[in-house]
Amino acid sequence: MSTAPLFDLDDHHLAGTETRLGPQALVLRGFALPHVERLWPALQTVIEQAPFRHMVTPGGQRMSVALTNCGTLGWTSDTRGYRYSALDPDSGLPWPALPAPFMQLAQDAARQGGFADFTPDACLINRYQPGARMSLHQDRNERDFLAPIVSVSLGIPAFFLWGGLRRADRAERVPLFHGDVAVWGGVDRLRFHGVAPLKEDTHPLSGAARINFTFRRAG
Ligand code: MD3
Ligand code: FE
């Protein structure tokens, strides 16, 4: 007889279920799967105009995650700090517009997660290759903490680190799989969170990468 762990990174049988992480934080398992055939070509168009790049933190460290943006505002980092900017600092051009399939998914997921009338103006797109990670942080560069955040995971799995309202609070490890969508806001909006270093893996769509879209109301 074998004993199965409660969560295994190779499991794909959770689609259609919801994982509640807090009073106003929810993972909608597999919610993005019916959207992937529209999201993926739209992502390729975005990254032709605004390629993935590794930014530098205000502390001078190169981020292991590569990123780009679409929408009227894009999240950027350099030695002067973190900020939202209307222009891609590499090209000097506006970020690509939020593709219609991105907006559709973000709004559908927000509604399903209990947040009606979410209109994001920013989509940060993170690319994690094996070994990449994101240390514990809060998302607090946005103007309006009342709006929720919607996050979409594609490609190889990762353990999301779900902490508390203080940096020192113990973080829970939550696996996120291809197609999972997280929605959080309200009392959970300022929870510390991060991503554990990705293990070596490949996915048929993305190869050796995890892509995460994070939709926000930034301006
Ligand atoms: C919060 N990105 O870009 S968002 C960031 O996967 C960032 O790329 C991470 O944190 C990433 O600022 C995490 C994902 C996420 C997923 C589920 C959540 C955040 C969540 C559930 C509840 C609260
Ligand atoms: Fe974050």
# chains A, B, ... in the order shown; residues from 1 in each chain; ligands from 1
$ residues_near_ligand --ligand "ligand 1" --cutoff "9 Å" --atoms "only C-alpha atoms and all ligand atoms" --output "PyMOL selection string"
chain A and resi 20-22+24-27+65+67+75+124-128+133-139+149-153+158-163+174+176+180-185+188-195+210-214
$ select_by_dssp --residues "stretch 9-207 of chain A" --states "strand (DSSP E)" --output "PyMOL selection string"
chain A and resi 18-22+25-28+66-71+74-78+81-85+122-128+134-137+149-155+158-162+172-176+181-184+193-195
$ atom_distance --atom1 "atom CA of A:Ala122" --atom2 "atom CA of A:Thr202"
28.0 Å
$ atom_distance --atom1 "atom CA of A:Gly186" --atom2 "atom CA of A:Asp169"
18.7 Å
$ closest_residue --among "A:Glu48, A:Val187, A:Arg140, A:Gly207" --to "ligand 2" --atoms "only C-alpha atoms and all ligand atoms"
A:Arg140
$ residues_around --residues "A:Ala15" --least-positions-apart "3" --cutoff "12 Å" --atoms "only C-alpha atoms" --output "NGL selection string"
:A and (11-12 or 18-19 or 27-34 or 176-181)
$ write_last_selection --atoms "C-alpha atoms" --output "PDB file, in the first residue's frame"
ATOM      1  CA  ASP A  11      -0.568  16.036  -9.204  1.00  0.00           C
ATOM      2  CA  HIS A  12      -2.914  17.496 -11.810  1.00  0.00           C
ATOM      3  CA  GLU A  18     -10.707  25.786  -4.718  1.00  0.00           C
ATOM      4  CA  THR A  19      -7.958  26.087  -2.118  1.00  0.00           C
ATOM      5  CA  VAL A  27      -6.689  29.510  -5.446  1.00  0.00           C
ATOM      6  CA  LEU A  28      -9.052  28.502  -8.275  1.00  0.00           C
ATOM      7  CA  ARG A  29      -7.490  25.255  -9.458  1.00  0.00           C
ATOM      8  CA  GLY A  30      -7.291  24.939 -13.252  1.00  0.00           C
ATOM      9  CA  PHE A  31      -9.406  28.051 -13.792  1.00  0.00           C
ATOM     10  CA  ALA A  32      -7.124  29.295 -16.614  1.00  0.00           C
ATOM     11  CA  LEU A  33      -7.033  25.988 -18.536  1.00  0.00           C
ATOM     12  CA  PRO A  34      -9.905  26.871 -20.926  1.00  0.00           C
ATOM     13  CA  LEU A 176       0.707  26.141  -7.817  1.00  0.00           C
ATOM     14  CA  PHE A 177       0.221  24.211 -11.052  1.00  0.00           C
ATOM     15  CA  HIS A 178      -0.296  25.030 -14.720  1.00  0.00           C
ATOM     16  CA  GLY A 179      -3.673  26.751 -15.039  1.00  0.00           C
ATOM     17  CA  ASP A 180      -4.136  27.705 -11.397  1.00  0.00           C
ATOM     18  CA  VAL A 181      -5.445  31.200 -10.665  1.00  0.00           C
TER      19      VAL A 181
END
$ residues_around --residues "A:Arg143" --least-positions-apart "4" --cutoff "9 Å" --atoms "only C-alpha atoms" --output "short mmCIF file (atom, residue, chain, number, x, y, z; two decimals) with N, CA and C atoms, in the first residue's frame"
data_model
loop_
_atom_site.label_atom_id
_atom_site.label_comp_id
_atom_site.auth_asym_id
_atom_site.auth_seq_id
_atom_site.Cartn_x
_atom_site.Cartn_y
_atom_site.Cartn_z
N ARG A 217 -4.56 46.59 -10.06
CA ARG A 217 -4.97 47.98 -10.27
C ARG A 217 -3.88 48.80 -9.60
N ALA A 218 -3.00 49.37 -10.44
CA ALA A 218 -1.78 50.01 -9.90
C ALA A 218 -1.92 51.52 -9.80
N GLY A 219 -2.69 52.14 -10.73
CA GLY A 219 -2.72 53.59 -10.82
C GLY A 219 -3.96 54.19 -10.18
#
$ residues_around --residues "A:Cys123" --least-positions-apart "5" --cutoff "8 Å" --atoms "only C-alpha atoms" --output "PyMOL selection string"
chain A and resi 69-71+73-74+98+213-216
$ write_last_selection --atoms "C-alpha atoms" --output "mmCIF file, in the first residue's frame"
data_model
loop_
_atom_site.group_PDB
_atom_site.id
_atom_site.type_symbol
_atom_site.label_atom_id
_atom_site.label_comp_id
_atom_site.auth_asym_id
_atom_site.auth_seq_id
_atom_site.Cartn_x
_atom_site.Cartn_y
_atom_site.Cartn_z
ATOM 1 C CA ASN A 69 4.640 43.860 -18.446
ATOM 2 C CA CYS A 70 1.546 44.736 -20.400
ATOM 3 C CA GLY A 71 -1.172 47.257 -19.634
ATOM 4 C CA LEU A 73 1.397 50.621 -16.179
ATOM 5 C CA GLY A 74 4.302 48.227 -15.716
ATOM 6 C CA LEU A 98 -3.390 44.316 -22.068
ATOM 7 C CA PHE A 213 0.766 36.792 -14.769
ATOM 8 C CA THR A 214 -0.114 39.147 -11.918
ATOM 9 C CA PHE A 215 -3.012 41.508 -12.635
ATOM 10 C CA ARG A 216 -3.293 44.622 -10.515
#
$ select_by_dssp --residues "stretch 11-97 of chain A" --states "alpha helix (DSSP H)" --output "ChimeraX atom specification"
/A:36-49
$ residues_around --residues "A:Arg83" --least-positions-apart "3" --cutoff "9 Å" --atoms "only C-alpha atoms" --output "ChimeraX atom specification"
/A:74-78,141-142
$ closest_residue --among "A:Pro58, A:Thr72, A:Thr79, A:Ser85" --to "A:Pro120" --atoms "only C-alpha atoms"
A:Thr72
$ atom_distance --atom1 "atom CA of A:Gly155" --atom2 "atom CA of A:Asp201"
9.4 Å
